[in-house]
Amino acid sequence: MDLLEYQVKEWFRKMGIPVLPSQKIDRPTDLKHLKINYPIVLKSQVHVRNRSKAGGVRFVETTIDAIAAAQTIFNLPILGELPEVLLAEIKYDTKAEFYLAVVIDTAVCRPVLLGCQEADIDWESAGEKMQYVVVEQEFSPFYARRLTLKMGLHGSVMQSVSNVIEKMYRLFMEQDLDLVEINPLAMDNSGELMALNGSVIVNERAIKRHPSICKSRDEKIAKKYPTISVDSYIAKINGSGKGQIAILGNGVGSVMATLDLVVDAGGKPGVCMNLRHASTKDSSLATFGKRLEQALNVLATDRSITVILMNFLDSISEAALVAEVIAQFISQYHTELATTSIANVTKRNISPEIPHLVVRLVGSQLQEAEKYLSQLQIDSNTLVLQENLDLAISQAIRLTESQVKQNI
């Protein structure tokens with residue numbers, strides 16, 4: 001589960017990590033009662049990086065300009081996501097900017113501290129510039145100071161940055177996080193540090209240990225994806241909560257049969273969704289294409305899922321849309337991952353990947369959809385088309401096993 005920036009900064013503030021005075025904006029008219037001083041920056045609150053390039057970050061100096069900018073940002077989709085809230089923050093003049101992060105390195109199963117003297121780093125050359133320290137034993141300030149020394153910092157700056165790293169690590173452990181990132185950590189002419197932007201990813205398997213986060217997650221899913229039952233999303237069919245293969249189908253019988261076959265073949269099924277009907281709580285008329293789109297988006301945020309296995313039979317009223325939804329999902333998420341993945345930075349398989357898709361389409365109505373997908377120039381591990389269900393399941397299991405080997 002990824003938190004929005006304003007939520008992240010609330011955590012930072014409680015942890016003692018320096019953040020700027022800010023205010024959550026639910027509607028443009030809230031800016032008439034702004035409690036912070038101009039000039040300010042308005043930030044779109046979406047789960048997407050590089051918001052500024054898409055027009056989601058704007059500097060304004062008056063209330064009139066702020067309201068106009070807020071109206072524009074509220075109606076600006078970034079990679080298909082519209083913001084429900086904005087963050088207004090005072091403007092900050094920086095002298096230097098750093099990148100800091102704490103992540104889990106699955107190669108050694110230990111937390112890793114990351115740091116760089118460049119915030120706006122060229123990810124292609126990040127492996128040469130990014131410094132890291134593996135926390136091999138119980139954490140102590142020694143690890144934070146070691147990272148700052150490797151970053152080339154000295155004196156009071158080294159001590160100040162070390163203090164921030166220590167607080168980041170404490171937040172990382174207390175909240176069971178997969179990632180806590182500050183990008184950038186800015187410093188002004190007086191040497192004061194400020195976390196101008198932050199990212200947090202909560203470990204899905206540990207989320208139930210934090211009732212407030214769990215409640216927020218459930219409310220978010222129910223609000224954003226009304227056609228998908230929250231219960232069906234949360235429930236892990238195998239009971240262990242560690243299933244790696246999500247199953248999508250268009251009928252109870254086909255979903256349960258697919259589930260049984262995955263288990264019999266030695267796979268670990270996770271979330272199972274029947275998309276034939278909308279959620280009983282949904283009052284609107286949801287199409288199959290819309291339910292499929294929302295299901296894929298939900299599963300893309302589940303860090304435990306590595307493969308989405310789709311088994312659709314010939315009873316879909318809008319079969320032609322199936323291929324379009326799948327193609328759009330691949331284009332949206334895999335393009336974003338390729339440009340922003342932390343794994344590309346460290347080349348240590350730290351960041352989880354968007355799930356692989358294994359698709360089985362059976363029936364005359366779905367032939368055109370299958371033909372359309374087969375003509376796309378997509379990597380074979382990203383999208384697998386298979387008519388035989390047993391082979392589709394074996395390929396799904398193979399992809400989960402190869403993902404595990406990559407992370408070892």
# chains A, B, ... in the order shown; residues from 1 in each chain; ligands from 1
$ residues_around --residues "Ser52 in chain A" --least-positions-apart "3" --cutoff "12 Å" --atoms "only C-alpha atoms" --output "number ranges by chain"
A: 41-46, 48-49, 55-59, 73, 76, 78, 197
$ select_by_dssp --residues "range 83-224 of chain A" --states "strand (DSSP E or B)" --output "MDAnalysis selection string"
chainID A and resid 86:90 96:105 110:116 131:134 177:187 193:195 198:202
$ closest_atom_pairs --of "range 71-111 of chain A" --to "range 147-166 of chain A" --cutoff "9 Å" --atoms "only C-alpha atoms" --output "CSV"
residue,atom,partner,partner_atom,distance
A:Leu100,CA,A:Ile165,CA,7.5
A:Ala101,CA,A:Ile165,CA,8.1
A:Val102,CA,A:Ile165,CA,8.3
$ residues_around --residues "Val200 in chain A" --least-positions-apart "2" --cutoff "6 Å" --atoms "only C-alpha atoms" --output "list in words"
Asp2, Leu3, Leu179 and Val180 of chain A
$ residues_around --residues "Thr63 in chain A" --least-positions-apart "6" --cutoff "12 Å" --atoms "only C-alpha atoms" --output "PDB file with N, CA and C atoms, in the first residue's frame"
ATOM      1  N   PRO A  28     -10.908  23.617  -4.330  1.00  0.00           N
ATOM      2  CA  PRO A  28     -10.232  24.890  -4.604  1.00  0.00           C
ATOM      3  C   PRO A  28     -10.605  26.016  -3.645  1.00  0.00           C
ATOM      4  N   THR A  29     -11.862  26.053  -3.206  1.00  0.00           N
ATOM      5  CA  THR A  29     -12.297  27.144  -2.323  1.00  0.00           C
ATOM      6  C   THR A  29     -11.624  27.103  -0.953  1.00  0.00           C
ATOM      7  N   ASP A  30     -11.023  25.959  -0.590  1.00  0.00           N
ATOM      8  CA  ASP A  30     -10.299  25.883   0.685  1.00  0.00           C
ATOM      9  C   ASP A  30      -9.139  26.871   0.724  1.00  0.00           C
ATOM     10  N   LEU A  31      -8.660  27.261  -0.457  1.00  0.00           N
ATOM     11  CA  LEU A  31      -7.523  28.173  -0.526  1.00  0.00           C
ATOM     12  C   LEU A  31      -7.885  29.584  -0.072  1.00  0.00           C
ATOM     13  N   LYS A  32      -9.182  29.883   0.043  1.00  0.00           N
ATOM     14  CA  LYS A  32      -9.593  31.184   0.576  1.00  0.00           C
ATOM     15  C   LYS A  32      -9.301  31.290   2.069  1.00  0.00           C
ATOM     16  N   HIS A  33      -9.122  30.137   2.705  1.00  0.00           N
ATOM     17  CA  HIS A  33      -8.879  30.117   4.150  1.00  0.00           C
ATOM     18  C   HIS A  33      -7.525  29.464   4.440  1.00  0.00           C
ATOM     19  N   LEU A  34      -6.566  29.754   3.605  1.00  0.00           N
ATOM     20  CA  LEU A  34      -5.242  29.152   3.742  1.00  0.00           C
ATOM     21  C   LEU A  34      -4.553  29.644   5.011  1.00  0.00           C
ATOM     22  N   LYS A  35      -3.949  28.719   5.756  1.00  0.00           N
ATOM     23  CA  LYS A  35      -3.311  29.059   7.027  1.00  0.00           C
ATOM     24  C   LYS A  35      -1.804  29.221   6.905  1.00  0.00           C
ATOM     25  N   ILE A  36      -1.266  29.057   5.701  1.00  0.00           N
ATOM     26  CA  ILE A  36       0.171  29.252   5.490  1.00  0.00           C
ATOM     27  C   ILE A  36       0.376  30.442   4.560  1.00  0.00           C
ATOM     28  N   ASN A  37       1.564  30.996   4.576  1.00  0.00           N
ATOM     29  CA  ASN A  37       1.843  32.223   3.835  1.00  0.00           C
ATOM     30  C   ASN A  37       2.287  31.949   2.395  1.00  0.00           C
ATOM     31  N   TYR A  38       1.917  32.871   1.514  1.00  0.00           N
ATOM     32  CA  TYR A  38       2.379  32.820   0.123  1.00  0.00           C
ATOM     33  C   TYR A  38       3.810  33.358   0.053  1.00  0.00           C
ATOM     34  N   PRO A  39       4.575  32.926  -1.000  1.00  0.00           N
ATOM     35  CA  PRO A  39       4.212  32.039  -2.099  1.00  0.00           C
ATOM     36  C   PRO A  39       4.140  30.584  -1.650  1.00  0.00           C
ATOM     37  N   ILE A  40       3.335  29.790  -2.357  1.00  0.00           N
ATOM     38  CA  ILE A  40       3.153  28.385  -2.018  1.00  0.00           C
ATOM     39  C   ILE A  40       3.327  27.524  -3.265  1.00  0.00           C
ATOM     40  N   VAL A  41       3.423  26.238  -3.037  1.00  0.00           N
ATOM     41  CA  VAL A  41       3.416  25.273  -4.129  1.00  0.00           C
ATOM     42  C   VAL A  41       2.223  24.348  -3.919  1.00  0.00           C
ATOM     43  N   LEU A  42       1.462  24.095  -4.982  1.00  0.00           N
ATOM     44  CA  LEU A  42       0.328  23.167  -4.962  1.00  0.00           C
ATOM     45  C   LEU A  42       0.753  21.861  -5.614  1.00  0.00           C
ATOM     46  N   ALA A  69      -5.145  27.566 -10.251  1.00  0.00           N
ATOM     47  CA  ALA A  69      -4.227  26.441 -10.412  1.00  0.00           C
ATOM     48  C   ALA A  69      -4.811  25.167  -9.809  1.00  0.00           C
ATOM     49  N   ALA A  70      -5.464  25.293  -8.651  1.00  0.00           N
ATOM     50  CA  ALA A  70      -6.065  24.121  -8.006  1.00  0.00           C
ATOM     51  C   ALA A  70      -7.161  23.512  -8.866  1.00  0.00           C
ATOM     52  N   ALA A  88      -0.981  21.944  -0.225  1.00  0.00           N
ATOM     53  CA  ALA A  88      -0.427  23.297  -0.334  1.00  0.00           C
ATOM     54  C   ALA A  88       0.713  23.420   0.659  1.00  0.00           C
TER      55      ALA A  88
END
$ residues_around --residues "Glu138 in chain A" --least-positions-apart "5" --cutoff "12 Å" --atoms "only C-alpha atoms" --output "list in words"
Arg110, Pro111, Tyr143, Tyr169, Arg170 and Met173 of chain A
$ atom_distance --atom1 "CA of Pro21 in chain A" --atom2 "CA of Thr72 in chain A"
22.9 Å
$ select_by_dssp --residues "range 79-172 of chain A" --states "helix (DSSP H, G or I)" --output "count of residues only"
35
$ atom_distance --atom1 "CA of Lys24 in chain A" --atom2 "CA of Val103 in chain A"
27.5 Å
$ residues_around --residues "Ala323 in chain A" --least-positions-apart "4" --cutoff "10 Å" --atoms "only C-alpha atoms" --output "ChimeraX atom specification"
/A:289,319,327-329,361,366,368-374
$ atom_distance --atom1 "CA of Gly249 in chain A" --atom2 "CA of Leu296 in chain A"
12.1 Å
$ residues_around --residues "Met310 in chain A" --least-positions-apart "3" --cutoff "10 Å" --atoms "only C-alpha atoms" --output "mmCIF file with N, CA and C atoms, in the first residue's frame"
data_model
loop_
_atom_site.group_PDB
_atom_site.id
_atom_site.type_symbol
_atom_site.label_atom_id
_atom_site.label_comp_id
_atom_site.auth_asym_id
_atom_site.auth_seq_id
_atom_site.Cartn_x
_atom_site.Cartn_y
_atom_site.Cartn_z
ATOM 1 N N ALA A 246 -2.663 -14.316 -8.471
ATOM 2 C CA ALA A 246 -4.041 -13.830 -8.409
ATOM 3 C C ALA A 246 -4.825 -14.459 -9.555
ATOM 4 N N ILE A 247 -6.066 -14.782 -9.299
ATOM 5 C CA ILE A 247 -6.900 -15.456 -10.302
ATOM 6 C C ILE A 247 -8.109 -14.583 -10.609
ATOM 7 N N LEU A 248 -8.294 -14.288 -11.888
ATOM 8 C CA LEU A 248 -9.466 -13.560 -12.363
ATOM 9 C C LEU A 248 -10.256 -14.457 -13.296
ATOM 10 N N GLY A 249 -11.574 -14.462 -13.124
ATOM 11 C CA GLY A 249 -12.430 -15.259 -13.986
ATOM 12 C C GLY A 249 -13.767 -14.581 -14.186
ATOM 13 N N ASN A 250 -14.613 -15.177 -15.032
ATOM 14 C CA ASN A 250 -15.948 -14.618 -15.266
ATOM 15 C C ASN A 250 -17.020 -15.649 -14.955
ATOM 16 N N VAL A 255 -13.586 -19.893 -11.742
ATOM 17 C CA VAL A 255 -12.623 -19.366 -10.777
ATOM 18 C C VAL A 255 -12.202 -20.451 -9.791
ATOM 19 N N THR A 258 -10.080 -23.141 -11.478
ATOM 20 C CA THR A 258 -8.721 -22.642 -11.701
ATOM 21 C C THR A 258 -7.934 -22.660 -10.404
ATOM 22 N N MET A 273 -10.911 -13.359 -7.865
ATOM 23 C CA MET A 273 -12.021 -12.449 -8.147
ATOM 24 C C MET A 273 -12.881 -12.995 -9.279
ATOM 25 N N LEU A 292 -12.802 -5.317 -14.946
ATOM 26 C CA LEU A 292 -11.482 -5.866 -15.235
ATOM 27 C C LEU A 292 -10.406 -4.800 -15.020
ATOM 28 N N VAL A 307 2.009 -12.733 -10.226
ATOM 29 C CA VAL A 307 1.383 -13.160 -11.483
ATOM 30 C C VAL A 307 -0.129 -13.009 -11.370
ATOM 31 N N LEU A 313 -13.976 -17.246 -20.098
ATOM 32 C CA LEU A 313 -14.708 -18.112 -21.016
ATOM 33 C C LEU A 313 -15.700 -17.296 -21.837
ATOM 34 N N LEU A 357 1.307 -11.138 -16.542
ATOM 35 C CA LEU A 357 -0.049 -11.510 -16.926
ATOM 36 C C LEU A 357 -0.024 -12.811 -17.729
ATOM 37 N N VAL A 358 -0.789 -13.794 -17.270
ATOM 38 C CA VAL A 358 -0.996 -15.035 -18.022
ATOM 39 C C VAL A 358 -2.477 -15.083 -18.372
ATOM 40 N N VAL A 359 -2.781 -15.078 -19.669
ATOM 41 C CA VAL A 359 -4.164 -14.889 -20.114
ATOM 42 C C VAL A 359 -4.633 -16.086 -20.932
ATOM 43 N N ARG A 360 -5.807 -16.612 -20.553
ATOM 44 C CA ARG A 360 -6.464 -17.677 -21.318
ATOM 45 C C ARG A 360 -7.832 -17.174 -21.740
ATOM 46 N N LEU A 361 -8.049 -17.062 -23.043
ATOM 47 C CA LEU A 361 -9.320 -16.614 -23.603
ATOM 48 C C LEU A 361 -9.904 -17.738 -24.448
ATOM 49 N N LEU A 385 0.026 -15.599 -23.511
ATOM 50 C CA LEU A 385 -1.268 -16.054 -24.011
ATOM 51 C C LEU A 385 -1.230 -17.571 -24.144
ATOM 52 N N LEU A 389 -5.490 -24.587 -20.357
ATOM 53 C CA LEU A 389 -5.504 -24.124 -18.976
ATOM 54 C C LEU A 389 -4.363 -24.717 -18.167
ATOM 55 N N ALA A 392 -1.311 -22.867 -19.066
ATOM 56 C CA ALA A 392 -1.368 -21.507 -18.522
ATOM 57 C C ALA A 392 -0.985 -21.509 -17.043
ATOM 58 N N ILE A 393 -1.493 -22.498 -16.308
ATOM 59 C CA ILE A 393 -1.175 -22.593 -14.880
ATOM 60 C C ILE A 393 0.299 -22.900 -14.661
#
$ closest_residue --among "A:Ser254, A:Arg27, A:Lys167, A:Pro141" --to "Lys14 in chain A" --atoms "only C-alpha atoms"
A:Lys167
$ closest_residue --among "A:Leu261, A:Val19, A:Ile67, A:Val322" --to "Pro184 in chain A" --atoms "only C-alpha atoms"
A:Val19
